[in-house]
Amino acid sequence: MLKKVNTFWFSIVLAFVFYGIIQLLISTAMLNPFYTNTLIFICINIILAVSLHLVIGITGQFSIGHAGFLALGAYISAIMTMKLGMPFSVALIAGGIVAALAGLVVGVPSLRLRGDYLAIATLGFAEIIRIIFLNIDYVGGAAGMQVTHATTWTTSFLCLILTIVVIANFTNSRHGRACISIRENEIAADAMGINTTYYKVAAFVIGSFFAGIAGGLYAHNFYIIQPVNFGFLKSFDILIFVVLGGLGSLSGAVVSAILLTIVSTFLQGLPETRMIIYSLVLVMVMLYRPQGLMGTREITDYFGKWGRVKGGNQYGG
Amino acid sequence: MLKVEEIDVYYGSIKALKGVSLNVNEGEIVTLIGANGAGKSTLLKTLSGLLKPKKGKIEYHNKSIAGKQAQTIVKAGISHVPEGRRVFANMTVEENLELGAYLRKDTKRIRVDFEKVFELFPRLFERKKQLSGTLSGGEQQMLAMGRALMAKPKLLLLDEPSMGLAPLLVKTIFNIIEEINRDGTTILLVEQNAHMALSIATRAYVIETGSVITSGTAEKLQASEEIRQAYLGGM
């Protein structure tokens with residue numbers, strides 16, 4: 001148990017050492033803005049991937065409307081900073097909370113659906129959100145909304161660490177175990193006395209909250225947000241991170257988000273063939289590793305130290 | 001202990017149970033026998049709260065549990081081992097058992113029950129770190145039963161424990177069911193293997209197309225010409 005706690009702090013310290021090195025490189029201008037921006041974008045994508053991982057990988061609810069929550073977070077936080085003059089941190093949290101509330105409103109009725117039906121319902125929800133923003137002149141309609149640049153390496157890294165710590169700990173807890181049991185077999189989970197509806201909604205709300213946070217970071221990184229950025233293709237991008245990384249593996253989601261963001265960033269030099277190469281990468285991975293890059297394993301499994309992140313402590317206590 | 005009166009259960013507009021009544025007394029092994037699609041599993045699912053009856057009463061220790069949520073019913077002391085085992089395949093044997101005790105907070109007693117389950121199913125102890133999806137069918141059945149016992153039920157609902165198992169293993173499983181019963185757990189057993197079921201049961205109900213057609217002590221049904229013809233292979 002003590003060892004477990006130590007490894008946890010060790011990872012946190014390691015993360016902050018990494019953060020410090022990058023921050024040093026940025027402040028001494030050794031890392032040009034293009035790379036800094038890519039790093040921020042990687043952080044945002046990891047947050048999205050990990051938050052969807054909780055819904056699909058852990059709880060087994062096939063939601064493909066994650067871009068809807070991203071859009072909500074982006075627009076709400078942009079309204080907070082641009083229209084209401086609130087500080088960025090408040091805007092980020094507000095974006096997350098509104099996205100979480102939307103997750104609750106969508107989750108309660110639609111999580112009674114299973115499989116394909118849930119997928120369609122969540123997809124529909126994301127489209128509704130997009131079209132609502134498209135038709136509100138207050139946020140600029142189709143032309144989009146100007147947003148100041150406020151996202152820095154520091155804010156995005158802090159949000160990333162927060163996301164991973166919260167979701168990894170949730171997964172490791174008694175609640176996480178209940179969510180995994182729903183993924184494994186919902187009827188059996190029900191028969192064990194687990195309140196399956198409650199946990200499905202809880203996972204969905206937590207996932208939506210972090211997607212909303214990612215939305216805030218996203219909006220304040222690109223100077224402009226437009227409804228077209230949050231179409232269903234965006235949802236699929238996030239879904240691909242999770243599936244490619246391996247359903248049920250948090251580190252898989254992280255690794256694939258990093259990998260795919262790098263691939264698509266560097267392919268921007270070849271605009272004609274970019275999507276072809278990107279798609280080929282996906283096809284190859286799925287052919288040779290149908291279980292995803294990591295399967296259901298975690299990076300820590302390979303070190304044999306932290307044990308299985310998806311495990312939880314003994315006797316459920 | 002358990003009293004079911006005239007319940008009707010529907011799947012959409014299809015009536016699966018028509019006015020079923022039965023009762024289970026403390027300490028008994030009661031079995032429900034009947035053909036495929038007769039409504040046996042539906043009845044168990046209704047008792048454990050996975051389905052809601054449209055009409056009728058279900059009383060457990062004189063308190064109505066009809067239409068209550070599954071977790072309330074598990075807390076009250078009824079555990080359901082669903083048909084087809086349904087273990088959590090990507091979890092270890094140990095983790096499966098832990099989930100069985102999900103609603104309990106008494107950590108010390110849970111530890112004692114772990115030992116008890118491992119005593120009852122030594123195979124599970126040997127394989128406690130193994131992913132349960134890699135167990136054999138018989139071992140998965142043992143795990144599903146052990147998992148249900150971790151909730152410390154007073155009434156255990158068993159749905160087709162012999163399904164897809166080799167005859168020798170069926171015998172082992174049924175011996176264990178008797179042992180669980182001797183330890184003070186009342187059992188309601190659904191079986192297609194009527195012969196085995198009647199050999200350990202105190203009483204039995206025969207269900208056909210959603211209704212109870214006959215009931216009585218196990219000996220009486222075993223001796224009945226009609227039952228022999230229909231369910232015991234007409235010997």
# chains A, B, ... in the order shown; residues from 1 in each chain; ligands from 1
>>> closest_atom_pairs(of="chain B", to="chain A", cutoff="10 Å", atoms="only C-alpha atoms", output="CSV")
residue,atom,partner,partner_atom,distance
B:Lys45,CA,A:Ala191,CA,8.8
B:Ser48,CA,A:Ala191,CA,7.0
B:Gly49,CA,A:Ala191,CA,8.1
B:Leu50,CA,A:Asp190,CA,7.3
B:Gln69,CA,A:Asn195,CA,8.5
B:Ala70,CA,A:Gly193,CA,5.6
B:Gln71,CA,A:Gly193,CA,3.7
B:Thr72,CA,A:Gly193,CA,7.3
B:Ile73,CA,A:Gly193,CA,7.7
B:Val74,CA,A:Gly193,CA,5.5
B:Lys75,CA,A:Gly193,CA,7.4
B:Ile78,CA,A:Ala191,CA,9.5
B:Ser79,CA,A:Ala191,CA,7.1
B:His80,CA,A:Ala191,CA,5.9
B:Val81,CA,A:Ala191,CA,7.6
B:Pro82,CA,A:Ala188,CA,6.8
B:Glu83,CA,A:Ala188,CA,9.6
B:Arg85,CA,A:Ala188,CA,8.4
B:Arg86,CA,A:Ala188,CA,6.0
B:Val87,CA,A:Ala188,CA,7.2
B:Phe88,CA,A:Glu184,CA,5.0
B:Ala89,CA,A:Glu184,CA,6.4
B:Asn90,CA,A:Glu184,CA,7.0
B:Met91,CA,A:Gly311,CA,8.4
B:Thr92,CA,A:Gly311,CA,9.4
B:Glu94,CA,A:Tyr315,CA,8.6
B:Glu95,CA,A:Tyr315,CA,8.0
B:Asn96,CA,A:Ser181,CA,8.6
B:Leu97,CA,A:Tyr315,CA,8.6
B:Glu98,CA,A:Tyr315,CA,5.4
B:Leu99,CA,A:Met192,CA,7.1
B:Gly100,CA,A:Met192,CA,5.7
B:Ala101,CA,A:Met192,CA,7.9
B:Tyr102,CA,A:Gly316,CA,7.1
B:Leu103,CA,A:Gly193,CA,6.7
B:Arg104,CA,A:Gly316,CA,9.3
B:Lys105,CA,A:Gly317,CA,7.7
B:Asp106,CA,A:Gly317,CA,9.1
B:Thr107,CA,A:Gly317,CA,6.8
B:Lys108,CA,A:Tyr315,CA,9.5
B:Ile110,CA,A:Tyr315,CA,7.4
B:Arg111,CA,A:Tyr315,CA,7.5
B:Phe114,CA,A:Tyr315,CA,9.1
B:Ala144,CA,A:Ala188,CA,9.1
B:Arg147,CA,A:Met192,CA,8.3
B:Ala148,CA,A:Met192,CA,7.1
B:Met150,CA,A:Met192,CA,9.5
B:Ala151,CA,A:Met192,CA,7.7
>>> residues_around(residues="range 77-91 of chain A", least_positions_apart="6", cutoff="12 Å", atoms="only C-alpha atoms", output="JSON, numbers by chain")
{"A": [70, 71, 97, 98, 99, 133, 138, 139, 140, 144, 145, 146, 147, 148, 149, 150, 151, 152, 155, 156, 158, 159, 212, 213, 214, 215, 216, 217, 218, 219, 220, 221, 222, 223, 224, 225, 226]}
>>> atom_distance(atom1="CA of Leu239 in chain A", atom2="CA of Ser132 in chain B")
27.9 Å
>>> select_by_dssp(residues="range 87-273 of chain A", states="alpha helix (DSSP H)", output="ChimeraX atom specification")
/A:88-110,115-134,153-172,174-184,186-191,196-219,232-245,250-266
>>> decode(residues="range 110-136 of chain A", atoms="N, CA, C and O atoms", output="short mmCIF file (atom, residue, chain, number, x, y, z; two decimals), in the first residue's frame")
data_model
loop_
_atom_site.label_atom_id
_atom_site.label_comp_id
_atom_site.auth_asym_id
_atom_site.auth_seq_id
_atom_site.Cartn_x
_atom_site.Cartn_y
_atom_site.Cartn_z
N SER A 110 -30.54 8.78 -22.08
CA SER A 110 -29.99 7.97 -23.18
C SER A 110 -29.15 6.80 -22.70
O SER A 110 -28.94 5.86 -23.44
N LEU A 111 -28.69 6.81 -21.45
CA LEU A 111 -27.87 5.69 -21.00
C LEU A 111 -28.70 4.45 -20.71
O LEU A 111 -28.17 3.41 -20.37
N ARG A 112 -30.02 4.57 -20.87
CA ARG A 112 -30.83 3.35 -20.78
C ARG A 112 -30.76 2.59 -22.09
O ARG A 112 -31.16 1.44 -22.17
N LEU A 113 -30.26 3.28 -23.11
CA LEU A 113 -30.09 2.62 -24.41
C LEU A 113 -28.78 1.85 -24.39
O LEU A 113 -27.88 2.16 -23.65
N ARG A 114 -28.70 0.86 -25.29
CA ARG A 114 -27.48 0.08 -25.33
C ARG A 114 -26.83 0.12 -26.70
O ARG A 114 -27.50 0.29 -27.70
N GLY A 115 -25.53 -0.06 -26.71
CA GLY A 115 -24.78 -0.27 -27.95
C GLY A 115 -25.04 0.79 -29.00
O GLY A 115 -24.89 1.97 -28.75
N ASP A 116 -25.47 0.34 -30.15
CA ASP A 116 -25.63 1.22 -31.32
C ASP A 116 -26.63 2.34 -31.03
O ASP A 116 -26.46 3.45 -31.51
N TYR A 117 -27.65 2.03 -30.24
CA TYR A 117 -28.69 3.04 -29.99
C TYR A 117 -28.11 4.21 -29.20
O TYR A 117 -28.40 5.36 -29.49
N LEU A 118 -27.28 3.88 -28.22
CA LEU A 118 -26.63 4.94 -27.44
C LEU A 118 -25.71 5.75 -28.33
O LEU A 118 -25.67 6.98 -28.26
N ALA A 119 -24.99 5.07 -29.22
CA ALA A 119 -24.07 5.75 -30.13
C ALA A 119 -24.84 6.77 -30.97
O ALA A 119 -24.43 7.93 -31.10
N ILE A 120 -25.98 6.34 -31.50
CA ILE A 120 -26.76 7.25 -32.34
C ILE A 120 -27.30 8.42 -31.53
O ILE A 120 -27.24 9.57 -31.96
N ALA A 121 -27.76 8.14 -30.33
CA ALA A 121 -28.32 9.21 -29.49
C ALA A 121 -27.25 10.25 -29.15
O ALA A 121 -27.49 11.46 -29.23
N THR A 122 -26.04 9.79 -28.80
CA THR A 122 -24.99 10.74 -28.44
C THR A 122 -24.51 11.52 -29.66
O THR A 122 -24.23 12.72 -29.57
N LEU A 123 -24.46 10.84 -30.79
CA LEU A 123 -24.09 11.53 -32.03
C LEU A 123 -25.09 12.64 -32.32
O LEU A 123 -24.73 13.76 -32.68
N GLY A 124 -26.36 12.30 -32.16
CA GLY A 124 -27.41 13.29 -32.38
C GLY A 124 -27.27 14.47 -31.45
O GLY A 124 -27.38 15.63 -31.86
N PHE A 125 -26.96 14.18 -30.19
CA PHE A 125 -26.79 15.26 -29.22
C PHE A 125 -25.68 16.22 -29.65
O PHE A 125 -25.83 17.44 -29.62
N ALA A 126 -24.55 15.66 -30.09
CA ALA A 126 -23.41 16.50 -30.49
C ALA A 126 -23.79 17.40 -31.65
O ALA A 126 -23.43 18.58 -31.70
N GLU A 127 -24.56 16.85 -32.59
CA GLU A 127 -25.00 17.65 -33.74
C GLU A 127 -25.94 18.77 -33.30
O GLU A 127 -25.88 19.89 -33.80
N ILE A 128 -26.81 18.46 -32.34
CA ILE A 128 -27.74 19.48 -31.84
C ILE A 128 -26.95 20.65 -31.25
O ILE A 128 -27.21 21.81 -31.55
N ILE A 129 -25.95 20.33 -30.44
CA ILE A 129 -25.13 21.37 -29.83
C ILE A 129 -24.48 22.23 -30.91
O ILE A 129 -24.51 23.46 -30.87
N ARG A 130 -23.92 21.56 -31.90
CA ARG A 130 -23.23 22.29 -32.97
C ARG A 130 -24.20 23.22 -33.69
O ARG A 130 -23.90 24.39 -33.94
N ILE A 131 -25.38 22.70 -33.98
CA ILE A 131 -26.34 23.50 -34.75
C ILE A 131 -26.90 24.65 -33.92
O ILE A 131 -27.16 25.73 -34.44
N ILE A 132 -27.04 24.43 -32.62
CA ILE A 132 -27.48 25.53 -31.76
C ILE A 132 -26.46 26.67 -31.83
O ILE A 132 -26.82 27.83 -32.05
N PHE A 133 -25.18 26.35 -31.69
CA PHE A 133 -24.16 27.41 -31.75
C PHE A 133 -24.10 28.05 -33.13
O PHE A 133 -23.83 29.24 -33.26
N LEU A 134 -24.38 27.25 -34.13
CA LEU A 134 -24.37 27.77 -35.50
C LEU A 134 -25.45 28.84 -35.68
O LEU A 134 -25.29 29.77 -36.48
N ASN A 135 -26.53 28.72 -34.91
CA ASN A 135 -27.66 29.62 -35.11
C ASN A 135 -27.79 30.71 -34.07
O ASN A 135 -28.79 31.43 -34.05
N ILE A 136 -26.81 30.84 -33.19
CA ILE A 136 -26.87 31.90 -32.19
C ILE A 136 -25.94 33.03 -32.64
O ILE A 136 -24.72 32.83 -32.76
#
